[in-house]
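Structure below is start36.txt: compact mmCIF, C-alpha atoms.
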# COMPACT_ATOMS: atom_id res chain seq x y z
CA MET A 11 85.73 1.04 83.59
CA THR A 12 83.02 2.10 86.03
CA ASP A 13 80.13 4.33 85.12
CA ALA A 14 80.10 7.81 86.61
CA VAL A 15 77.30 8.62 89.01
CA ILE A 16 75.13 11.34 87.53
CA PRO A 17 73.23 13.57 89.97
CA GLN A 18 69.47 13.25 89.89
CA LYS A 19 67.51 16.34 88.85
CA LYS A 20 63.80 16.94 88.58
CA LEU A 21 62.55 16.81 85.00
CA ASP A 22 60.30 19.55 83.69
CA PRO A 23 56.85 18.56 82.31
CA LEU A 24 57.93 18.87 78.67
CA TRP A 25 60.72 16.31 79.05
CA LEU A 26 58.40 14.04 81.05
CA LYS A 27 55.87 14.08 78.22
CA ALA A 28 58.65 13.52 75.67
CA SER A 29 59.81 10.48 77.62
CA VAL A 30 56.28 9.07 77.45
CA VAL A 31 55.88 9.70 73.71
CA GLY A 32 59.41 8.55 72.91
CA GLY A 33 59.00 5.38 74.96
CA LEU A 34 55.68 4.48 73.33
CA TRP A 35 57.12 5.22 69.88
CA ALA A 36 60.11 3.00 70.63
CA THR A 37 57.70 0.28 71.74
CA VAL A 38 55.97 0.38 68.37
CA GLU A 39 59.34 0.29 66.61
CA ILE A 40 60.41 -2.74 68.64
CA ILE A 41 57.21 -4.79 68.33
CA ILE A 42 56.18 -4.00 64.76
CA GLY A 43 59.77 -3.66 63.53
CA SER A 44 60.74 -7.06 64.91
CA PHE A 45 57.59 -8.60 63.45
CA PHE A 46 58.41 -7.25 59.97
CA HIS A 47 62.08 -8.19 60.30
CA ASN A 48 61.31 -11.80 61.19
CA LEU A 49 58.86 -12.17 58.29
CA ARG A 50 61.11 -10.28 55.83
CA ILE A 51 58.16 -8.05 54.86
CA PRO A 52 59.08 -5.44 52.23
CA PHE A 53 58.45 -1.71 52.79
CA ALA A 54 58.65 -2.24 56.56
CA GLY A 55 60.32 1.14 56.96
CA SER A 56 57.41 2.88 55.25
CA VAL A 57 54.86 1.22 57.54
CA LEU A 58 56.91 2.19 60.59
CA ALA A 59 57.12 5.76 59.25
CA MET A 60 53.32 5.82 58.95
CA ASN A 61 52.97 4.58 62.54
CA GLY A 62 55.41 7.21 63.78
CA THR A 63 53.58 9.96 61.89
CA VAL A 64 50.19 8.94 63.31
CA LEU A 65 51.61 8.73 66.82
CA LEU A 66 53.40 12.11 66.78
CA ILE A 67 50.48 14.03 65.31
CA ALA A 68 48.04 12.41 67.74
CA PHE A 69 50.23 13.17 70.76
CA TYR A 70 50.68 16.79 69.73
CA HIS A 71 46.91 17.19 69.94
CA LEU A 72 46.98 15.68 73.41
CA TRP A 73 49.94 17.83 74.52
CA PRO A 74 50.26 20.80 72.12
CA GLU A 75 53.65 22.05 73.28
CA LYS A 76 56.52 23.31 71.12
CA GLY A 77 59.55 21.07 71.27
CA LEU A 78 57.63 17.94 72.31
CA VAL A 79 57.93 16.17 68.95
CA TRP A 80 61.67 16.57 68.38
CA ARG A 81 62.39 15.63 72.01
CA ALA A 82 60.26 12.50 71.63
CA GLY A 83 62.14 11.70 68.42
CA LEU A 84 65.45 12.09 70.23
CA ILE A 85 64.35 9.75 73.04
CA CYS A 86 63.09 7.15 70.56
CA ALA A 87 66.27 7.39 68.46
CA LEU A 88 68.49 6.96 71.53
CA MET A 89 66.46 3.96 72.66
CA LYS A 90 66.93 2.53 69.18
CA SER A 91 70.69 3.14 69.44
CA ILE A 92 71.01 0.89 72.47
CA SER A 93 69.25 -2.02 70.76
CA PRO A 94 71.29 -5.17 70.09
CA SER A 95 71.43 -4.38 66.36
CA ALA A 96 74.92 -3.67 65.06
CA VAL A 97 73.76 -1.01 62.60
CA ILE A 98 72.03 1.80 64.49
CA LEU A 99 72.80 5.02 62.62
CA GLY A 100 70.30 4.42 59.80
CA PRO A 101 67.22 3.88 62.01
CA MET A 102 68.28 6.73 64.32
CA ILE A 103 68.56 9.14 61.39
CA GLY A 104 65.20 7.99 60.01
CA ILE A 105 63.44 8.53 63.34
CA MET A 106 64.95 11.98 63.82
CA MET A 107 64.04 13.00 60.25
CA GLU A 108 60.39 12.16 60.89
CA ALA A 109 60.35 14.04 64.20
CA MET A 110 62.09 17.15 62.83
CA ILE A 111 59.78 17.34 59.77
CA ILE A 112 56.62 17.17 61.89
CA GLU A 113 58.05 19.53 64.52
CA PHE A 114 58.85 22.10 61.80
CA PHE A 115 55.36 22.11 60.31
CA LEU A 116 53.63 22.13 63.69
CA ARG A 117 55.75 25.01 64.95
CA PHE A 118 55.51 27.28 61.89
CA PHE A 119 52.18 26.32 60.28
CA GLY A 120 50.07 25.06 63.18
CA LYS A 121 48.11 21.86 63.64
CA ASN A 122 45.52 22.49 60.93
CA LEU A 123 44.75 19.59 58.61
CA LEU A 124 46.52 21.13 55.60
CA SER A 125 49.88 21.61 57.32
CA LEU A 126 49.57 18.21 59.00
CA SER A 127 48.87 16.57 55.64
CA ILE A 128 52.00 18.11 54.11
CA ALA A 129 54.01 17.10 57.18
CA GLY A 130 52.58 13.59 56.95
CA VAL A 131 53.52 13.28 53.28
CA LEU A 132 57.10 14.40 53.92
CA SER A 133 57.41 12.30 57.07
CA VAL A 134 56.21 9.07 55.45
CA SER A 135 58.12 9.81 52.24
CA SER A 136 61.30 10.32 54.28
CA ALA A 137 61.40 6.53 54.72
CA LEU A 138 61.52 6.14 50.93
CA PHE A 139 64.19 8.80 50.45
CA HIS A 140 66.16 7.42 53.38
CA LYS A 141 66.03 3.95 51.81
CA ILE A 142 67.14 5.26 48.42
CA ALA A 143 69.98 7.23 50.00
CA SER A 144 71.03 4.17 52.02
CA ILE A 145 71.13 1.98 48.90
CA ILE A 146 73.17 4.56 46.98
CA ILE A 147 75.57 4.99 49.91
CA LEU A 148 75.87 1.23 50.24
CA TYR A 149 76.36 0.32 46.57
CA GLY A 150 77.16 3.60 44.82
CA PHE A 151 75.37 5.21 41.85
CA ASN A 152 75.97 2.13 39.68
CA ILE A 153 72.98 0.52 41.40
CA VAL A 154 70.76 3.16 39.76
CA ASN A 155 71.85 2.01 36.29
CA ILE A 156 71.02 -1.59 37.20
CA TYR A 157 67.50 -0.61 38.27
CA ILE A 158 67.01 1.38 35.06
CA ASP A 159 68.14 -1.58 32.93
CA ILE A 160 65.79 -3.93 34.78
CA PHE A 161 62.92 -1.47 34.31
CA HIS A 162 63.52 -1.24 30.55
CA PHE A 163 63.72 -5.04 30.29
CA PHE A 164 60.36 -5.64 31.99
CA ALA A 165 58.78 -2.71 30.15
CA LYS A 166 59.72 -4.37 26.87
CA GLN A 167 58.34 -7.74 28.02
CA LEU A 168 55.03 -6.06 28.86
CA ASN A 169 54.93 -4.24 25.50
CA ILE A 170 55.17 -0.79 27.12
CA GLU A 171 58.53 0.13 25.65
CA ASN A 172 57.65 3.82 25.63
CA ALA A 173 57.40 3.82 29.42
CA ARG A 174 60.10 5.78 31.20
CA PRO A 175 61.59 5.17 34.65
CA ILE A 176 60.35 8.59 35.76
CA THR A 177 56.78 7.27 35.31
CA LEU A 178 57.39 4.57 37.90
CA VAL A 179 58.96 7.13 40.23
CA LEU A 180 55.90 9.38 39.95
CA VAL A 181 53.55 6.46 40.66
CA VAL A 182 55.53 5.52 43.77
CA LEU A 183 55.56 9.14 44.94
CA ALA A 184 51.79 9.37 44.43
CA ILE A 185 51.33 6.29 46.62
CA PHE A 186 53.47 7.82 49.36
CA VAL A 187 51.53 11.09 49.13
CA LEU A 188 48.32 9.15 49.70
CA LEU A 189 49.83 7.21 52.61
CA GLY A 190 51.17 10.40 54.19
CA ILE A 191 47.84 12.22 53.99
CA THR A 192 46.05 9.17 55.37
CA SER A 193 48.48 8.95 58.30
CA ALA A 194 48.01 12.65 59.09
CA ILE A 195 44.22 12.37 59.04
CA ILE A 196 44.26 9.29 61.30
CA GLY A 197 46.61 11.02 63.73
CA PHE A 198 44.42 14.14 63.66
CA ILE A 199 41.26 12.15 64.46
CA ILE A 200 42.86 10.05 67.20
CA GLY A 201 44.46 13.12 68.75
CA ARG A 202 41.21 15.09 68.93
CA ARG A 203 39.36 12.14 70.45
CA SER A 204 42.05 11.55 73.07
CA THR A 205 41.60 14.97 74.67
CA SER A 206 38.21 13.94 76.09
CA VAL A 207 39.09 10.40 77.25
CA SER A 208 40.14 9.60 80.82
CA PHE A 209 42.45 6.83 82.00
CA ASN A 210 41.70 3.92 84.33
CA GLY A 211 44.64 4.16 86.74
CA ASN A 212 45.73 0.52 86.68
CA LEU A 213 49.36 0.75 85.52
CA THR A 214 52.30 0.26 87.88
CA MET A 215 55.82 1.52 87.36
CA PRO A 216 58.54 -1.13 87.74
CA GLY A 217 60.56 0.10 90.72
CA HIS A 218 63.56 -2.23 90.35
CA ILE A 219 64.85 -0.57 87.16
CA THR A 220 66.89 2.61 87.55
CA THR A 221 68.52 5.08 85.22
CA GLN A 222 71.92 3.66 86.04
CA ASN A 223 71.43 0.43 84.10
CA ILE A 224 69.77 1.70 80.93
CA LEU A 225 72.97 2.04 78.93
CA SER A 226 74.19 -1.47 79.60
CA ILE A 227 76.87 -2.70 77.22
CA ASP A 228 78.69 -5.93 76.57
CA PRO A 229 81.23 -6.07 79.44
CA ARG A 230 83.65 -7.90 77.14
CA GLN A 231 83.65 -5.10 74.58
CA LYS A 232 86.71 -2.84 74.65
CA PHE A 233 86.41 0.80 73.61
CA SER A 234 88.93 3.28 72.32
CA ILE A 235 88.61 7.02 71.83
CA LEU A 236 91.39 6.79 69.25
CA SER A 237 89.39 4.18 67.31
CA PHE A 238 86.35 6.45 67.40
CA PHE A 239 88.25 9.24 65.63
CA ILE A 240 89.88 6.72 63.28
CA HIS A 241 86.45 5.58 62.09
CA LEU A 242 85.35 9.18 61.61
CA ALA A 243 88.38 9.74 59.37
CA ILE A 244 88.33 6.37 57.59
CA ILE A 245 84.72 6.54 56.36
CA PRO A 246 85.10 9.61 54.08
CA THR A 247 88.64 8.53 53.14
CA GLY A 248 87.46 5.10 52.03
CA LEU A 249 84.61 6.54 49.97
CA ILE A 250 87.01 8.96 48.25
CA ILE A 251 89.44 6.13 47.45
CA MET A 252 86.67 3.98 45.96
CA ASN A 253 85.24 6.85 43.92
CA LEU A 254 88.46 8.42 42.60
CA LEU A 255 91.07 5.65 42.57
CA THR A 256 91.18 2.22 40.98
CA THR A 257 90.18 -1.02 42.66
CA THR A 258 93.88 -1.87 42.98
CA TYR A 259 94.19 0.75 45.72
CA ALA A 260 90.75 0.23 47.26
CA VAL A 261 90.99 -3.53 47.87
CA PRO A 262 94.05 -3.56 50.18
CA PHE A 263 92.79 -0.47 52.03
CA ILE A 264 89.40 -2.05 52.74
CA LEU A 265 90.84 -5.47 53.60
CA ILE A 266 93.24 -4.02 56.19
CA TYR A 267 90.55 -1.81 57.71
CA SER A 268 87.99 -4.65 57.77
CA LEU A 269 90.48 -6.99 59.44
CA TYR A 270 91.14 -4.38 62.13
CA CYS A 271 87.39 -3.93 62.74
CA VAL A 272 86.71 -7.66 62.89
CA LEU A 273 89.44 -8.09 65.51
CA MET A 274 88.14 -5.13 67.54
CA TYR A 275 84.38 -5.71 67.23
CA LYS A 276 83.91 -9.36 66.29
CA ARG A 277 80.88 -9.68 68.59
CA SER A 278 79.19 -6.68 67.01
CA LEU A 279 79.72 -7.48 63.32
CA ARG A 280 77.14 -10.25 63.28
CA ARG A 281 75.59 -8.93 60.09
CA LEU A 282 78.62 -10.16 58.16
CA LEU A 283 77.84 -13.71 59.30
CA LYS A 284 74.24 -13.68 58.09
CA PRO A 285 73.67 -15.70 54.88
CA VAL A 286 70.97 -13.20 53.82
CA PHE A 287 73.56 -10.41 53.68
CA TRP A 288 75.85 -12.36 51.35
CA MET A 289 72.90 -13.58 49.27
CA GLN A 290 71.92 -9.95 48.69
CA LEU A 291 75.45 -9.13 47.56
CA LEU A 292 75.50 -12.17 45.28
CA LEU A 293 72.21 -11.04 43.76
CA ILE A 294 73.69 -7.57 43.14
CA VAL A 295 76.66 -9.13 41.30
CA LEU A 296 74.28 -11.30 39.25
CA LEU A 297 72.01 -8.40 38.29
CA ALA A 298 74.99 -6.23 37.39
CA SER A 299 76.51 -8.99 35.23
CA ILE A 300 73.38 -9.55 33.14
CA ASN A 301 73.29 -7.86 29.75
CA TRP A 302 69.62 -6.83 29.87
CA LYS A 303 69.56 -5.63 26.29
CA GLY A 304 71.11 -8.89 25.13
CA LEU A 305 68.61 -10.86 27.23
CA ALA A 306 65.75 -9.12 25.45
CA SER A 307 67.21 -9.45 21.94
CA GLY A 308 68.78 -12.92 22.13
CA GLY A 309 72.35 -11.61 22.37
CA PRO A 310 75.01 -12.38 25.01
CA ILE A 311 73.51 -12.63 28.48
CA PHE A 312 76.55 -11.82 30.62
CA GLU A 313 79.08 -9.03 30.27
CA LEU A 314 82.48 -8.72 31.96
CA LYS A 315 82.11 -4.98 32.60
CA GLY A 316 78.93 -5.59 34.56
CA LEU A 317 80.65 -8.26 36.63
CA ARG A 318 83.41 -5.81 37.54
CA LEU A 319 80.88 -3.13 38.50
CA GLY A 320 78.99 -5.67 40.62
CA LEU A 321 82.14 -6.65 42.50
CA GLU A 322 82.95 -2.99 43.10
CA MET A 323 79.47 -2.47 44.60
CA VAL A 324 79.96 -5.51 46.85
CA LEU A 325 83.30 -4.13 48.01
CA ARG A 326 81.67 -0.80 48.79
CA ALA A 327 78.79 -2.48 50.66
CA VAL A 328 81.16 -4.51 52.85
CA PHE A 329 83.15 -1.37 53.67
CA ILE A 330 80.02 0.64 54.59
CA VAL A 331 78.60 -2.13 56.80
CA VAL A 332 81.91 -2.72 58.59
CA ALA A 333 82.64 1.00 59.05
CA PHE A 334 79.25 2.10 60.34
CA SER A 335 78.81 -0.99 62.52
CA SER A 336 82.18 -0.29 64.13
CA LEU A 337 81.37 3.39 64.59
CA SER A 338 78.05 2.40 66.17
CA VAL A 339 79.93 0.37 68.78
CA GLU A 340 82.23 3.26 69.67
CA LEU A 341 79.22 5.55 70.07
CA ARG A 342 78.35 3.41 73.11
CA ASN A 343 81.71 4.20 74.70
CA PRO A 344 81.02 5.14 78.37
CA VAL A 345 83.68 7.87 78.16
CA ILE A 346 81.84 9.57 75.28
CA ARG A 347 78.52 9.09 77.04
CA ASP A 348 79.68 10.52 80.36
CA ALA A 349 81.40 13.45 78.65
CA LEU A 350 78.13 14.36 76.95
CA PHE A 351 76.17 14.10 80.18
CA ARG A 352 78.61 16.37 81.99
CA LYS A 353 78.11 19.00 79.26
CA GLY A 354 74.48 19.60 80.12
CA PHE A 355 72.68 16.51 78.82
CA GLU A 356 71.34 15.37 82.20
CA LYS A 357 67.71 15.92 81.16
CA ILE A 358 68.10 13.66 78.16
CA TYR A 359 69.71 11.02 80.34
CA LEU A 360 66.98 11.12 82.97
CA ALA A 361 64.15 11.16 80.41
CA LEU A 362 65.77 8.23 78.66
CA GLY A 363 66.02 6.42 81.98
CA LEU A 364 62.30 6.83 82.66
CA SER A 365 61.44 5.55 79.17
CA PHE A 366 63.66 2.51 79.60
CA SER A 367 62.33 1.78 83.07
CA ALA A 368 58.80 1.65 81.66
CA LEU A 369 59.68 -0.19 78.45
CA PRO A 370 58.94 -3.75 79.71
CA ILE A 371 55.43 -2.80 80.82
CA MET A 372 54.85 -0.69 77.69
CA ILE A 373 55.72 -3.71 75.56
CA GLU A 374 53.50 -5.97 77.66
CA ALA A 375 50.59 -3.52 77.42
CA MET A 376 50.90 -3.19 73.65
CA PRO A 377 48.59 -5.31 71.48
CA ARG A 378 50.16 -8.11 69.50
CA PRO A 379 51.53 -7.17 66.04
CA LYS A 380 48.73 -8.82 64.04
CA TYR A 381 46.03 -7.07 66.07
CA PHE A 382 47.92 -3.77 65.88
CA LEU A 383 48.17 -3.93 62.08
CA ARG A 384 44.54 -4.99 61.67
CA ASN A 385 43.18 -2.41 64.13
CA PRO A 386 45.63 0.51 64.06
CA ILE A 387 43.09 3.17 65.14
CA ARG A 388 41.99 1.20 68.20
CA SER A 389 45.61 0.39 69.09
CA PHE A 390 46.75 4.00 68.85
CA SER A 391 43.69 5.20 70.77
CA ALA A 392 44.55 2.80 73.60
CA MET A 393 48.11 4.16 73.65
CA MET A 394 46.77 7.71 73.96
CA VAL A 395 44.69 6.72 76.99
CA GLN A 396 47.66 4.98 78.62
CA ALA A 397 49.91 7.98 77.92
CA LYS A 398 48.05 10.15 80.40
CA GLU A 399 48.68 7.63 83.13
CA TRP A 400 52.30 7.11 82.10
CA TYR A 401 52.80 10.84 82.55
CA GLN A 402 51.42 10.69 86.10
CA LEU A 403 53.68 7.75 86.92
CA PHE A 404 56.74 9.41 85.36
CA GLU A 405 56.04 12.56 87.34
CA LYS A 406 55.94 10.59 90.60
CA LYS A 407 59.09 8.68 89.68
CA SER A 408 60.92 11.90 88.79
CA ASN A 409 60.07 13.49 92.14
CA THR A 410 61.36 10.56 94.22
Before we go any further, please render this structure as structure tokens.
Amino acid sequence: MTDAVIPQKKLDPLWLKASVVGGLWATVEIIIGSFFHNLRIPFAGSVLAMNGTVLLIAFYHLWPEKGLVWRAGLICALMKSISPSAVILGPMIGIMMEAMIIEFFLRFFGKNLLSLSIAGVLSVSSALFHKIASIIILYGFNIVNIYIDIFHFFAKQLNIENARPITLVLVVLAIFVLLGITSAIIGFIIGRRSTSVSFNGNLTMPGHITTQNILSIDPRQKFSILSFFIHLAIIPTGLIIMNLLTTTYAVPFILIYSLYCVLMYKRSLRRLLKPVFWMQLLLIVLLASINWKGLASGGPIFELKGLRLGLEMVLRAVFIVVAFSSLSVELRNPVIRDALFRKGFEKIYLALGLSFSALPIMIEAMPRPKYFLRNPIRSFSAMMVQAKEWYQLFEKKSNT
């Protein structure tokens, strides 16, 4: 299947600026996200949410235009969707949540420090709520009971038996409130400073990359519109079967569906081959099987009911990973892409093309992860200076 040729149109300044912000945001996601992923650092999503919050607030001070933030979020999310990762919907949703929250507060309450602080708190906290929602979707509400049992066990070992799980929740929320306010203040300061700083004029736009190769896909991957709609129907159906019917009905349904997906998307379901994924599931089964009350009182350690619940959560997790990974592949279908572009999405396509064309140099110009994390204010300030020049380069590229 050949890609359709999409006519070139001149981008307006707002989309040009969004392509700059979205591209730089995606660069941070790629560099810092990969660094955290390789080191298995916990709370990586929260740190990335803080970086995104700082960046968006700072850029709005540089270019205070309505619609800039959500457009930048859309560009960044789409760039994330074309990454090699099999699971793309979660990060895309997280990025768009951050952008929409900040856009809402900027549009209706202005860029004063109070509204920005509230926006920062909600934006950074969205990573926590997104993670909680993802875990519940992946394993079901039984995972909540396991966490509560573990909390009570450790509370008893520490002689704070009167402690309640809600106390821990409030402490965590307080931490995220502090992180959100801090991110907003940093973004506010960097943004105000950036308005009086000039750029050096030493960047060059790579001319060999065009908007026609930004949505490259595995040429061996086959797509099917029918499969796309099948996945859309199977996901809610599977969740209903697992929630309302017995495991006897759920197991054959999930096995047949998983076999179909593996045959269709075997190159894209790499997550199922990772030992870490299966180790996490094994840990879930182990934690669910432990009788935490018995462990604390010297009674039986394992319980059969917990083992069954653990296996049900594993079954659910496998189904969710397979289903959403498969749907993510079909979202790259050139037919779906071209249909969207013919319906008035040319500006998104062209802005995305500019961001992708600049991505290699943006990554090269970014400081290394360790320096970035140790000197976030300097790193973000440098990005703000470069952004002005990226805009000039994007404007020239768009006019040619």
Record the distance separating atom CA of A:Leu26 and atom CA of A:Phe382, expressed in Å with one decimal.
->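 Result for atom CA of A:Leu26 versus atom CA of A:Phe382: 25.6 Å, one decimal.
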Return the single residue from A:Leu116, A:Ala368, A:Ile41, A:Val345 that is closest to A:Leu236, with distances computed using all atoms listed in the file.
-> A:Val345
Taking the point (74.7, 2.0, 49.0) as given in the file, collect each protein or nucleic acid residue that comes within 9 Å of it, counting only C-alpha atoms, and present the set as a ChimeraX atom specification.
-> /A:142-151,153,323,326-327,330
Separation of atom CA of A:Leu78 from atom CA of A:Ala28 in Å | 5.6 Å
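Among A:Ser204, A:Val38, A:Phe312, A:Val331, the residue with the shortest atom-to-atom distance to A:Phe287, counting all atoms listed in the file, is A:Val331.
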Which of these, A:Met376, A:Leu58, A:Leu364, A:Leu24, has the shortest distance to A:Arg81 once you count all atoms listed in the file?
->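 Between A:Met376, A:Leu58, A:Leu364, A:Leu24, the residue approaching A:Arg81 most closely is A:Leu24.
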Interatomic distance, atom CA of A:Met393 to atom CA of A:Ile128 (Å, one decimal) = 24.3 Å
Option closest in space to A:Ile200, from A:Glu356, A:Gly55, A:Phe161, A:Ala68 [counting all atoms listed in the file] |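 Of the candidates, the smallest distance to A:Ile200 is held by A:Ala68.
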Smallest atom-to-atom distance to A:Arg378: which of A:Ile251, A:Val179, A:Ile40, A:Ala54, using only C-alpha atoms?
->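 Between A:Ile251, A:Val179, A:Ile40, A:Ala54, the residue approaching A:Arg378 most closely is A:Ile40.
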All residues 9 Å or closer to A:Leu292, all atoms listed in the file, same chain fewer than 4 positions away omitted, as a list in words =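 The neighbour list is Phe287, Trp288, Leu296, Leu297, Gly320 and Val324 of chain A.
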Find the residue from A:Leu178, A:Ala375, A:Leu126, A:Leu255 that sits nearest to A:Ile191; use only C-alpha atoms when measuring.
->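 Answer, going by the shortest atom-to-atom distance: A:Leu126.
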Please, which residues are within 10 Å of (47.3, 18.7, 51.3) by the file's coordinates, counting all atoms listed in the file, and could they come as a list in words?
-> Leu123, Leu124, Ser125, Leu126, Ser127, Ile128, Ala129, Gly130, Val131, Val187, Leu188, Gly190, Ile191 and Ala194 of chain A
Which residues, written as number ranges by chain, have at least one atom at most 8 Å from stretch 261-265 of chain A, with all atoms listed in the file counted and residues fewer than 4 positions away on the same chain left out?
-> A: 248, 257, 269, 325, 329
Mind rebuilding stretch 236-250 of chain A with N, CA and C atoms and writing that out as an mmCIF file, in the frame of the given file?
data_model
loop_
_atom_site.group_PDB
_atom_site.id
_atom_site.type_symbol
_atom_site.label_atom_id
_atom_site.label_comp_id
_atom_site.auth_asym_id
_atom_site.auth_seq_id
_atom_site.Cartn_x
_atom_site.Cartn_y
_atom_site.Cartn_z
ATOM 1 N N LEU A 236 90.598 6.686 70.481
ATOM 2 C CA LEU A 236 91.390 6.790 69.250
ATOM 3 C C LEU A 236 90.679 6.090 68.098
ATOM 4 N N SER A 237 90.120 4.908 68.353
ATOM 5 C CA SER A 237 89.390 4.180 67.310
ATOM 6 C C SER A 237 88.169 4.961 66.838
ATOM 7 N N PHE A 238 87.504 5.644 67.758
ATOM 8 C CA PHE A 238 86.350 6.450 67.400
ATOM 9 C C PHE A 238 86.714 7.497 66.351
ATOM 10 N N PHE A 239 87.815 8.213 66.577
ATOM 11 C CA PHE A 239 88.250 9.240 65.630
ATOM 12 C C PHE A 239 88.822 8.612 64.354
ATOM 13 N N ILE A 240 89.396 7.417 64.475
ATOM 14 C CA ILE A 240 89.880 6.720 63.280
ATOM 15 C C ILE A 240 88.723 6.393 62.346
ATOM 16 N N HIS A 241 87.624 5.900 62.916
ATOM 17 C CA HIS A 241 86.450 5.580 62.090
ATOM 18 C C HIS A 241 85.893 6.837 61.430
ATOM 19 N N LEU A 242 85.847 7.931 62.179
ATOM 20 C CA LEU A 242 85.350 9.180 61.610
ATOM 21 C C LEU A 242 86.195 9.633 60.417
ATOM 22 N N ALA A 243 87.500 9.353 60.469
ATOM 23 C CA ALA A 243 88.380 9.740 59.370
ATOM 24 C C ALA A 243 88.374 8.724 58.241
ATOM 25 N N ILE A 244 88.251 7.442 58.591
ATOM 26 C CA ILE A 244 88.330 6.370 57.590
ATOM 27 C C ILE A 244 87.127 6.366 56.662
ATOM 28 N N ILE A 245 85.938 6.646 57.184
ATOM 29 C CA ILE A 245 84.720 6.540 56.360
ATOM 30 C C ILE A 245 84.776 7.457 55.142
ATOM 31 N N PRO A 246 85.006 8.772 55.299
ATOM 32 C CA PRO A 246 85.100 9.610 54.080
ATOM 33 C C PRO A 246 86.325 9.274 53.239
ATOM 34 N N THR A 247 87.437 8.891 53.889
ATOM 35 C CA THR A 247 88.640 8.530 53.140
ATOM 36 C C THR A 247 88.398 7.319 52.248
ATOM 37 N N GLY A 248 87.754 6.305 52.812
ATOM 38 C CA GLY A 248 87.460 5.100 52.030
ATOM 39 C C GLY A 248 86.550 5.374 50.857
ATOM 40 N N LEU A 249 85.527 6.212 51.068
ATOM 41 C CA LEU A 249 84.610 6.540 49.970
ATOM 42 C C LEU A 249 85.332 7.308 48.866
ATOM 43 N N ILE A 250 86.240 8.206 49.254
ATOM 44 C CA ILE A 250 87.010 8.960 48.250
ATOM 45 C C ILE A 250 87.905 8.021 47.454
#
